[in-house]
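Enquirer: Got a file for you: model30.cif, mmCIF, C-alpha atoms.
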```cif
data_coords
#
loop_
_atom_site.label_atom_id
_atom_site.label_comp_id
_atom_site.auth_asym_id
_atom_site.auth_seq_id
_atom_site.Cartn_x
_atom_site.Cartn_y
_atom_site.Cartn_z
CA MET V 45 39.37 87.72 73.24
CA GLU V 46 38.27 85.98 76.46
CA ASP V 47 34.60 86.42 75.52
CA ASN V 48 35.21 84.81 72.13
CA LYS V 49 37.04 81.89 73.74
CA GLN V 50 34.21 81.37 76.23
CA ARG V 51 31.58 81.47 73.48
CA LYS V 52 33.47 78.85 71.47
CA ILE V 53 33.60 76.53 74.49
CA VAL V 54 29.85 76.95 75.08
CA GLN V 55 29.15 76.27 71.39
CA MET V 56 31.24 73.11 71.58
CA PHE V 57 29.11 71.80 74.45
CA ASP V 58 25.93 72.72 72.58
CA ASP V 59 27.18 70.60 69.67
CA ILE V 60 28.01 67.49 71.72
CA ALA V 61 25.03 67.71 74.12
CA PRO V 62 22.94 64.89 72.52
CA THR V 63 25.75 62.33 72.96
CA TYR V 64 27.48 63.83 76.02
CA ASP V 65 26.12 61.43 78.67
CA LYS V 66 26.87 58.32 76.60
CA ALA V 67 30.42 59.47 75.81
CA ASN V 68 31.05 60.44 79.41
CA ARG V 69 30.03 57.02 80.78
CA VAL V 70 32.11 55.16 78.17
CA LEU V 71 35.22 57.30 78.56
CA SER V 72 35.17 57.27 82.37
CA MET V 73 34.14 53.60 82.43
CA GLY V 74 31.55 54.67 85.01
CA VAL V 75 34.05 55.49 87.74
CA ASP V 76 32.99 59.16 87.78
CA ILE V 77 29.81 57.98 89.50
CA GLN V 78 31.84 57.02 92.57
CA TRP V 79 33.70 60.33 92.49
CA ARG V 80 30.41 62.24 92.44
CA LYS V 81 28.94 60.21 95.31
CA LYS V 82 32.11 60.81 97.33
CA ALA V 83 31.83 64.57 96.74
CA CYS V 84 28.24 64.63 98.01
CA ASP V 85 28.88 62.39 101.01
CA GLU V 86 32.00 64.24 102.17
CA THR V 87 30.15 67.55 101.93
CA PHE V 88 27.12 66.34 103.87
CA GLU V 89 29.48 65.01 106.57
CA ARG V 90 30.56 68.62 107.07
CA TYR V 91 27.29 70.46 106.48
CA LYS V 92 24.61 68.77 108.57
CA LYS V 93 22.18 71.67 108.83
CA PRO V 94 19.00 71.74 106.73
CA VAL V 95 19.91 72.97 103.25
CA ASP V 96 17.93 75.77 101.60
CA LEU V 97 19.76 75.70 98.28
CA ILE V 98 22.35 73.61 96.45
CA VAL V 99 23.61 75.23 93.26
CA ASP V 100 25.38 73.14 90.62
CA VAL V 101 27.32 75.45 88.30
CA ALA V 102 28.24 74.24 84.81
CA CYS V 103 25.58 71.64 85.52
CA GLY V 104 25.50 70.28 81.97
CA THR V 105 22.85 67.58 81.69
CA GLY V 106 22.23 67.56 85.43
CA ASP V 107 24.07 64.42 86.60
CA MET V 108 25.55 66.03 89.71
CA MET V 109 22.17 67.48 90.67
CA GLY V 110 20.76 63.96 90.61
CA TYR V 111 23.49 62.69 92.90
CA TRP V 112 22.98 65.56 95.36
CA GLN V 113 19.32 64.55 95.63
CA LYS V 114 20.00 60.80 95.91
CA ARG V 115 22.72 61.16 98.54
CA ALA V 116 20.66 63.65 100.55
CA ASP V 117 17.67 61.28 100.50
CA LYS V 118 19.86 58.37 101.57
CA ARG V 119 21.18 60.32 104.57
CA GLY V 120 17.85 61.91 105.48
CA GLN V 121 19.37 65.32 104.74
CA LYS V 122 16.72 67.96 104.09
CA VAL V 123 17.30 69.95 100.90
CA LYS V 124 14.67 72.52 99.87
CA LYS V 125 15.93 73.26 96.40
CA ILE V 126 18.56 72.15 93.86
CA MET V 127 19.33 74.52 90.99
CA GLY V 128 21.49 73.93 87.93
CA ILE V 129 23.22 76.79 86.13
CA ASP V 130 24.96 76.45 82.76
CA PRO V 131 25.56 78.68 79.71
CA SER V 132 24.81 75.85 77.25
CA VAL V 133 21.18 75.65 76.11
CA GLY V 134 21.89 72.31 74.42
CA MET V 135 23.17 70.69 77.62
CA THR V 136 20.40 72.05 79.85
CA ASP V 137 17.72 70.96 77.34
CA VAL V 138 18.94 67.38 77.81
CA GLY V 139 19.01 67.96 81.58
CA LYS V 140 15.40 69.15 81.65
CA GLU V 141 14.30 65.92 79.98
CA LYS V 142 16.25 63.81 82.48
CA PHE V 143 15.29 65.80 85.57
CA PRO V 144 11.98 67.64 85.00
CA ASP V 145 11.65 68.47 88.72
CA PHE V 146 14.90 70.45 88.90
CA GLU V 147 15.32 74.09 87.93
CA PHE V 148 17.80 74.86 85.14
CA VAL V 149 19.00 78.41 84.48
CA ILE V 150 21.11 79.68 81.57
CA SER V 151 23.96 81.79 82.93
CA GLU V 152 27.75 82.09 83.12
CA ALA V 153 29.71 81.06 86.22
CA THR V 154 30.98 84.62 86.54
CA SER V 155 27.48 86.11 86.79
CA LEU V 156 25.16 83.92 88.84
CA PRO V 157 21.49 85.00 89.07
CA LEU V 158 21.42 84.58 92.84
CA GLU V 159 21.20 86.82 95.89
CA ASP V 160 24.20 87.37 98.15
CA GLU V 161 24.69 84.56 100.70
CA SER V 162 21.70 82.57 99.42
CA ALA V 163 23.28 79.13 98.79
CA ASP V 164 24.44 76.55 101.32
CA ILE V 165 26.45 74.43 98.86
CA LEU V 166 27.80 75.26 95.41
CA SER V 167 29.29 72.53 93.25
CA ILE V 168 31.01 72.52 89.89
CA SER V 169 31.97 69.18 88.36
CA TYR V 170 34.45 69.10 85.48
CA GLY V 171 33.46 72.64 84.59
CA ILE V 172 35.81 75.12 86.27
CA ARG V 173 38.48 74.15 83.72
CA ASN V 174 36.18 75.55 81.03
CA VAL V 175 35.63 78.91 82.74
CA VAL V 176 37.98 81.41 81.12
CA GLN V 177 37.71 84.01 83.91
CA ARG V 178 38.22 81.51 86.73
CA GLN V 179 39.18 83.95 89.50
CA GLU V 180 36.06 86.02 88.78
CA ALA V 181 33.99 82.84 89.09
CA PHE V 182 35.54 82.03 92.47
CA LYS V 183 34.67 85.53 93.72
CA GLU V 184 31.12 85.00 92.49
CA PHE V 185 30.95 81.65 94.29
CA ALA V 186 32.01 83.37 97.51
CA ARG V 187 29.37 86.06 97.00
CA VAL V 188 26.41 83.69 96.67
CA LEU V 189 27.45 81.23 99.39
CA LYS V 190 26.41 81.69 102.99
CA LYS V 191 29.21 82.10 105.50
CA GLY V 192 30.21 78.57 106.44
CA GLY V 193 28.83 77.23 103.18
CA TYR V 194 30.85 74.94 100.92
CA VAL V 195 32.21 75.05 97.40
CA VAL V 196 32.68 71.54 95.99
CA ILE V 197 34.92 71.06 92.96
CA LEU V 198 35.50 67.90 90.95
CA GLU V 199 38.00 68.45 88.19
CA PHE V 200 40.66 66.94 85.97
CA THR V 201 43.80 68.54 87.36
CA LYS V 202 47.27 68.61 85.88
CA ASP V 203 49.98 66.44 87.42
CA ASP V 204 53.71 66.21 86.83
CA LYS V 205 54.22 62.63 87.99
CA LYS V 206 56.28 60.22 85.91
CA GLY V 207 56.38 56.44 85.60
CA PRO V 208 54.91 53.61 83.50
CA LEU V 209 51.35 53.91 84.85
CA TYR V 210 51.27 57.66 84.30
CA ALA V 211 52.63 57.16 80.79
CA ILE V 212 49.74 54.78 80.08
CA LYS V 213 47.32 57.38 81.48
CA ASP V 214 48.78 60.03 79.17
CA ILE V 215 48.39 57.74 76.14
CA TYR V 216 44.75 57.13 77.05
CA MET V 217 43.98 60.81 77.61
CA ASN V 218 45.79 62.10 74.52
CA LYS V 219 45.35 59.27 71.98
CA VAL V 220 42.53 56.91 72.93
CA LEU V 221 40.02 59.30 74.50
CA PRO V 222 39.78 61.73 71.53
CA LYS V 223 39.17 58.84 69.13
CA ILE V 224 36.43 57.20 71.23
CA GLY V 225 34.80 60.50 72.15
CA GLY V 226 35.01 61.67 68.56
CA PHE V 227 33.44 58.45 67.30
CA ILE V 228 30.50 58.62 69.71
CA SER V 229 29.86 62.36 69.29
CA LYS V 230 30.99 62.75 65.66
CA ASN V 231 33.00 65.71 67.00
CA LYS V 232 36.63 64.72 67.46
CA GLU V 233 37.71 68.32 68.00
CA ALA V 234 35.64 68.55 71.18
CA TYR V 235 37.38 65.50 72.66
CA GLU V 236 40.80 66.73 71.60
CA TYR V 237 39.98 69.85 73.61
CA LEU V 238 39.65 67.79 76.82
CA PRO V 239 43.29 66.62 77.25
CA ASN V 240 44.56 69.97 75.99
CA SER V 241 42.46 71.83 78.54
CA ILE V 242 43.77 69.61 81.35
CA GLU V 243 47.38 70.25 80.31
CA GLY V 244 46.69 73.99 80.41
CA PHE V 245 44.93 73.81 83.79
CA LEU V 246 46.11 73.85 87.42
CA THR V 247 47.56 71.31 89.78
CA SER V 248 45.47 70.49 92.84
CA GLY V 249 47.71 72.70 94.99
CA MET V 250 47.34 75.65 92.62
CA LEU V 251 43.57 75.24 92.61
CA GLN V 252 43.45 75.29 96.40
CA ALA V 253 45.64 78.41 96.48
CA GLU V 254 43.22 80.24 94.17
CA LEU V 255 40.29 79.24 96.38
CA ASP V 256 42.16 80.53 99.40
CA ASP V 257 42.65 83.87 97.66
CA ALA V 258 38.89 84.02 97.00
CA GLY V 259 38.01 83.55 100.67
CA PHE V 260 37.77 79.78 101.06
CA ALA V 261 39.57 77.32 103.33
CA THR V 262 40.11 73.82 101.93
CA GLU V 263 38.87 71.11 104.28
CA PHE V 264 39.17 68.09 101.99
CA ALA V 265 41.30 67.36 98.94
CA LYS V 266 41.81 63.98 97.30
CA SER V 267 42.83 62.70 93.88
CA PHE V 268 41.41 59.55 92.28
CA SER V 269 42.48 57.05 89.62
CA MET V 270 46.14 58.00 89.19
CA ASP V 271 45.29 61.66 89.82
CA ILE V 272 43.00 61.86 86.79
CA SER V 273 40.30 63.46 88.92
CA THR V 274 40.58 65.66 92.01
CA LEU V 275 37.96 66.52 94.62
CA VAL V 276 38.35 69.74 96.60
CA ILE V 277 35.84 70.81 99.27
CA ALA V 278 36.39 74.29 100.72
CA LYS V 279 34.47 76.28 103.32
CA LYS V 280 33.67 79.97 102.93
CA ARG V 281 35.48 81.83 105.65
#
```
For the structure just supplied, provide its representation as structure tokens.

Expert:
Amino acid sequence: MEDNKQRKIVQMFDDIAPTYDKANRVLSMGVDIQWRKKACDETFERYKKPVDLIVDVACGTGDMMGYWQKRADKRGQKVKKIMGIDPSVGMTDVGKEKFPDFEFVISEATSLPLEDESADILSISYGIRNVVQRQEAFKEFARVLKKGGYVVILEFTKDDKKGPLYAIKDIYMNKVLPKIGGFISKNKEAYEYLPNSIEGFLTSGMLQAELDDAGFATEFAKSFSMDISTLVIAKKR
């Protein structure tokens, strides 16, 4: 059952891959760029050693990999290698065209093709929500990270806050977003999946608790734009 669900999610991303970047920029109105830069900068503030390997899991078309490189270059941070891992061939094919110098590997988050304690930083941006066996993925993240390395998660987390602004946010996520995303991608079902997957996901506190159980200690957690997006940076104990 879980395997079938995971395959359907991967197929959905294969289907929307050609229009994914355009839809993402329109739907986020570009603010996700600032969230990604913040994730990189806050991590580099904590990890100032030379970096052998940054792994971006559920890398999609490679956007986060690009920001890791840009922010490292801006800070003079040495990074030997950036690798993207994703189960969607469609998404990584787009990524290879955008970033021909990066390495893209087809694999699930629960089975990373990496040696134990080989990565300094592992990021996953708006992807952990789509991993059916999430706890297994967190254990795998802990396996491949060096002791003292960081897992960096950007995600749409669930919130229970009420009020006029949050009501407007809910209308946008549940009514407006599926229509715009569906129009751009010609796949409305995929963009109906997004708000539904957020509603079935974790709060920021629940996410941090699961990371703690997997051997991580949260050092930074912040929500952006009426808690639409949450950044969690946790160190491997």

Enquirer: Just give me the gap between atom CA of Leu158 of chain V and atom CA of Asp100 of chain V in Å, one decimal is fine.

Expert: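 Between these atoms lies a distance of 12.3 Å.
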
Enquirer: Report as JSON, numbers by chain the residues that result from applying the PyMOL selection byres ((chain V and resi 163-165) around 8) to the structure here.

Expert: {"V": [95, 96, 97, 98, 99, 161, 162, 166, 167, 188, 189, 190, 192, 193, 194, 195, 196]}

Enquirer: Using atom CA of Val138 of chain V and atom CA of Ser273 of chain V as the two end points, give the distance in Å to one decimal.

Expert: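 Those two atoms sit 24.4 Å apart.
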
Enquirer: Quick check on the file I pasted: which residues fall under the PyMOL selection byres ((chain V and resi 184) around 8)? Write them as a VMD selection string.

Expert: chain V and resid 153 to 156 180 to 183 185 to 188

Enquirer: Which is closest to Asn48 of chain V among V:Val176, V:Trp112, V:Asp107, V:Lys232, if we use only C-alpha atoms?

Expert: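 Closest candidate: V:Val176.
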
Enquirer: Quick one: pull the distance between atom CA of Asp256 of chain V and atom CA of Glu46 of chain V, Å, one decimal.

Expert: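 The value is 23.9 Å.
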
Enquirer: So which residues get picked by the PyMOL selection byres ((chain V and resi 244) around 12) here, written as a list in words?

Expert: Arg173, Asn174, Val176, Phe200, Thr201, Lys202, Asp203, Tyr237, Leu238, Pro239, Asn240, Ser241, Ile242, Glu243, Phe245, Leu246 and Thr247 of chain V

Enquirer: Excluding segment 123-132 of chain V and residues on its chain fewer than 5 positions from it, collect all residues at most 8 Å away from it, counting only C-alpha atoms, and give them as a VMD selection string.

Expert: chain V and resid 54 to 55 57 to 58 94 to 104 106 109 113 116 146 to 153 156

Enquirer: Select, from V:Gly120, V:Leu198, V:Lys230, V:Gly259, the residue with the minimum atom-to-atom distance to Asp76 of chain V, counting only C-alpha atoms.

Expert: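 The answer is V:Leu198, which sits nearest to Asp76 of chain V.
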
Enquirer: Taking into account only C-alpha atoms, which residue in the set V:Phe143, V:Phe88, V:Tyr235, V:Tyr111 is nearest to Ala67 of chain V?

Expert: V:Tyr235

Enquirer: I want to know what sits within 8 Å of Glu254 of chain V, based on only C-alpha atoms, with residues of the same chain fewer than 4 positions away left out; could you give that as JSON, numbers by chain?

Expert: {"V": [179, 250, 258]}

Enquirer: May I ask which of the residues V:Val175, V:Val133, V:Ile168, V:Ile197 is the closest one to Lys266 of chain V, counting all atoms listed in the file?

Expert: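 For Lys266 of chain V, the nearest of the given residues is V:Ile197.
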
Enquirer: Which of these residues is nearest to Glu263 of chain V, using all atoms listed in the file: V:Asp59, V:Ser169, V:Glu86, V:Gly139?

Expert: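 The answer is V:Glu86, which sits nearest to Glu263 of chain V.
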
Enquirer: Rank V:Asp65, V:Asp117, V:Asp271, V:Asp257 by their smallest atom-to-atom distance to Trp79 of chain V, using all atoms listed in the file, and report the top residue only.

Expert: V:Asp271

Enquirer: Could you work out an axis-aligned box for segment 124-132 of chain V, taking every atom the file lists and adding 8 Å on each side, and report centre and edge lengths in Å to one decimal, as AutoDock Vina command-line options?

Expert:
```
--center_x 20.1 --center_y 75.4 --center_z 88.6 --size_x 26.9 --size_y 22.5 --size_z 38.6
```

Enquirer: What residues have an atom no more than 6 Å from (41.5, 69.4, 93.7) in the file's own frame, counting all atoms listed in the file, and can you write them as a PDB file with C-alpha atoms, in the coordinates of the input?

Expert:
```pdb
ATOM      1  CA  SER V 248      45.470  70.490  92.840  1.00  0.00           C
ATOM      2  CA  ALA V 265      41.300  67.360  98.940  1.00  0.00           C
ATOM      3  CA  THR V 274      40.580  65.660  92.010  1.00  0.00           C
ATOM      4  CA  LEU V 275      37.960  66.520  94.620  1.00  0.00           C
ATOM      5  CA  VAL V 276      38.350  69.740  96.600  1.00  0.00           C
TER       6      VAL V 276
END
```
